[in-house]
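Some notes on the structure that comes next.
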Amino acid sequence: MQALYAQLLVGLINGSFYALLSLGLAVIFGMLNIINFAHGALYMMGAFVAYFLLNLLNIGYWPALIIAPIVVGIFGMILERTMLQRLAGLDHLYGLLLTFGLALIIQGVFLNFFGSSGLPYSIPDELSGGANLGFMYLPIYRGWVVVFSLVVCLLTWYLIERTRLGANLRAATENPTLVRAFGINVPRMITLTYGLGVGLAALAGVLSAPINQVRPLMGENVIIVVFAVVVIGGMGSIMGSIVTGFALGVIEGLTKYFYPEASNTVVFALMVLVLLVKPTGLTGRAA
């Protein structure tokens with residue numbers, strides 16, 4: 001039973017990263033209709049920014065949770081203004097190819113300077129150690145990752161679905177001409193939305209750094225699974241991405257316990273089954 005609980009914990013942690021990353025993808029696709037294949041590279045950049053802050057400026061984990069998403073978010077907004085904005089109105093394939101190329105460039109630059117080996121990032125003292133729950137030993141940092149990720153996901157959902165700002169964002173993507181008539185700067189809102197999605201990826205990178213180390217290819221291994229999560233939950237569905245991310249992380253963890261050989265393919269098998277039954281995803285709506 002201890003091994004089962006351990007795999008459930010691993011599944012919840014992976015689900016936290018899946019939920020945060022797929023949430024950023026869902027925000028970008030749902031609001032901007034951009035398939036952001038550079039998401040994994042920007043997730044990696046978030047971890048590296050936290051690493052640089054600690055080793056070059058002696059800025060620890062807690063400020064990095066705020067600074068890294070802002071830095072990477074600004075970088076993403078520059079990409080949107082200088083490159084992605086030019087693809088507005090074109091087929092999704094152009095955005096996918098551009099962001100795929102950007103991902104290769106970003107990963108190549110970091111590989112050239114840092115190699116493929118992982119760089120250590122220590123757990124903050126406040127979150128070190130663990131707690132004995134009786135039925136299992138829970139590392140405090142891993143529990144923090146699960147709780148914090150869930151809170152961030154729910155706050156993002158509330159911002160987009162339940163606030164005036166979120167209503168303006170949705171209106172700007174559906175009828176930009178009408179929204180401009182009310183004096184709202186639509187291009188600026190689009191840029192800020194892309195920065196928000198990218199910032200969520202960077203936040204996931206900071207959370208991941210003490211667990212998975214900081215590596216140039218850390219985003220390459222997870223981005224394909226995250227795209228599967230977004231497809232299963234429904235492209236552009238905020239709540240669908242959150243629920244599906246956590247659920248698939250748990251399913252993956254249980255599969256590693258009961259049938260380890262299928263743990264790497266269970267997510268994609270579920271994606272095929274969902275698409276056969278409901279091509280728009282579990283919570284997606286037809287165009």
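Simple scheme: letters A, B, ... for chains in structure tokens order, numbers from 1 for residues in each chain, numbers from 1 for ligands in the order shown.
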Identify, on the basis of only C-alpha atoms, every residue whose closest approach to A:Thr193 does not exceed 9 Å; exclude the query and any residue fewer than 6 positions from it along the same chain; express the result as JSON, numbers by chain. {"A": [27, 28, 31, 32, 77, 169]}
Expected file contents, prior selection, C-alpha atoms, as a PDB file, in the first residue's frame:
ATOM      1  CA  VAL A  27      -5.617  30.237 -22.361  1.00  0.00           C
ATOM      2  CA  ILE A  28      -3.466  30.946 -25.425  1.00  0.00           C
ATOM      3  CA  MET A  31      -8.288  33.382 -26.373  1.00  0.00           C
ATOM      4  CA  LEU A  32      -5.880  33.803 -29.306  1.00  0.00           C
ATOM      5  CA  MET A  77       4.910  39.246 -25.135  1.00  0.00           C
ATOM      6  CA  LEU A 169     -10.762  39.151 -23.173  1.00  0.00           C
TER       7      LEU A 169
END
At most 9 Å is the cut-off: for each residue in stretch 129-172 of chain A with any atom that close to an atom of stretch 177-192 of chain A, write down the nearest atom pair and the distance in Å rounded to one decimal, counting only C-alpha atoms, chain first then increasing number, as JSON lines.
{"residue": "A:Asn168", "atom": "CA", "partner": "A:Val179", "partner_atom": "CA", "distance": 7.7}
{"residue": "A:Leu169", "atom": "CA", "partner": "A:Met189", "partner_atom": "CA", "distance": 6.8}
{"residue": "A:Ala171", "atom": "CA", "partner": "A:Val179", "partner_atom": "CA", "distance": 6.7}
{"residue": "A:Ala172", "atom": "CA", "partner": "A:Val179", "partner_atom": "CA", "distance": 5.7}
Work out how far atom CA of A:Val214 is from atom CA of A:Lys256, in Å to one decimal. 24.2 Å
Stretch 228-245 of chain A: which residues within 6 Å, counting only C-alpha atoms, same-chain residues fewer than 3 positions away excluded, as a PyMOL selection string? chain A and resi 15+18-19+22-23+26+29-30+225+248+271+280-284
The selected residues should be written to file as a CSV table (one decimal), in the first residue's frame (atoms: N, CA, C and O atoms).
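The resulting again32.csv:
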chain,number,residue,atom,x,y,z
A,15,GLY,N,0.4,15.6,-12.3
A,15,GLY,CA,-0.8,16.2,-12.7
A,15,GLY,C,-0.8,17.7,-12.4
A,15,GLY,O,-1.4,18.5,-13.2
A,18,TYR,N,1.0,19.1,-15.3
A,18,TYR,CA,0.2,19.0,-16.5
A,18,TYR,C,-0.9,20.0,-16.5
A,18,TYR,O,-1.2,20.7,-17.5
A,19,ALA,N,-1.5,20.3,-15.3
A,19,ALA,CA,-2.6,21.2,-15.2
A,19,ALA,C,-2.1,22.6,-15.5
A,19,ALA,O,-2.8,23.4,-16.3
A,22,SER,N,-1.1,22.8,-19.3
A,22,SER,CA,-2.2,22.8,-20.2
A,22,SER,C,-3.1,24.0,-20.0
A,22,SER,O,-3.8,24.4,-21.0
A,23,LEU,N,-3.2,24.5,-18.8
A,23,LEU,CA,-4.0,25.7,-18.6
A,23,LEU,C,-3.4,26.9,-19.4
A,23,LEU,O,-4.1,27.6,-20.0
A,26,ALA,N,-4.3,26.3,-22.9
A,26,ALA,CA,-5.7,26.5,-23.2
A,26,ALA,C,-6.1,28.0,-23.2
A,26,ALA,O,-6.9,28.4,-24.0
A,29,PHE,N,-4.7,29.2,-26.6
A,29,PHE,CA,-5.5,28.8,-27.8
A,29,PHE,C,-6.9,29.3,-27.7
A,29,PHE,O,-7.5,29.7,-28.7
A,30,GLY,N,-7.5,29.2,-26.5
A,30,GLY,CA,-8.9,29.6,-26.4
A,30,GLY,C,-9.1,31.1,-26.6
A,30,GLY,O,-10.1,31.5,-27.2
A,225,VAL,N,2.8,15.2,-23.8
A,225,VAL,CA,1.8,14.8,-22.9
A,225,VAL,C,0.8,15.9,-22.6
A,225,VAL,O,-0.4,15.7,-22.5
A,248,LEU,N,-5.3,12.9,-15.3
A,248,LEU,CA,-4.4,12.1,-16.1
A,248,LEU,C,-3.1,11.8,-15.3
A,248,LEU,O,-2.5,10.8,-15.5
A,271,MET,N,-6.5,9.5,-25.0
A,271,MET,CA,-6.8,10.6,-26.0
A,271,MET,C,-7.5,10.0,-27.2
A,271,MET,O,-8.5,10.6,-27.7
A,280,THR,N,-14.5,16.8,-29.9
A,280,THR,CA,-14.2,18.1,-29.4
A,280,THR,C,-13.5,18.0,-28.0
A,280,THR,O,-13.2,19.1,-27.4
A,281,GLY,N,-13.3,16.8,-27.5
A,281,GLY,CA,-12.8,16.7,-26.1
A,281,GLY,C,-13.9,16.6,-25.1
A,281,GLY,O,-15.1,16.8,-25.4
A,282,LEU,N,-13.6,16.4,-23.8
A,282,LEU,CA,-14.6,16.1,-22.8
A,282,LEU,C,-15.4,17.3,-22.5
A,282,LEU,O,-16.6,17.2,-22.3
A,283,THR,N,-14.8,18.5,-22.5
A,283,THR,CA,-15.6,19.7,-22.2
A,283,THR,C,-15.6,20.7,-23.3
A,283,THR,O,-16.1,21.9,-23.2
A,284,GLY,N,-15.0,20.4,-24.5
A,284,GLY,CA,-14.9,21.3,-25.6
A,284,GLY,C,-16.3,21.4,-26.4
A,284,GLY,O,-17.1,20.5,-26.2
Given only C-alpha atoms as the counted atoms, nearest of A:Val222, A:Ile105, A:Ala204, A:Leu96 to A:Val72: A:Ala204
Could you find all residues in stretch 30-278 of chain A that DSSP calls alpha helix (DSSP H) from the backbone, and write them as a VMD selection string? chain A and resid 30 to 32 39 to 56 61 to 82 92 to 114 140 to 162 164 to 174 176 to 181 186 to 212 220 to 233 238 to 258 266 to 277
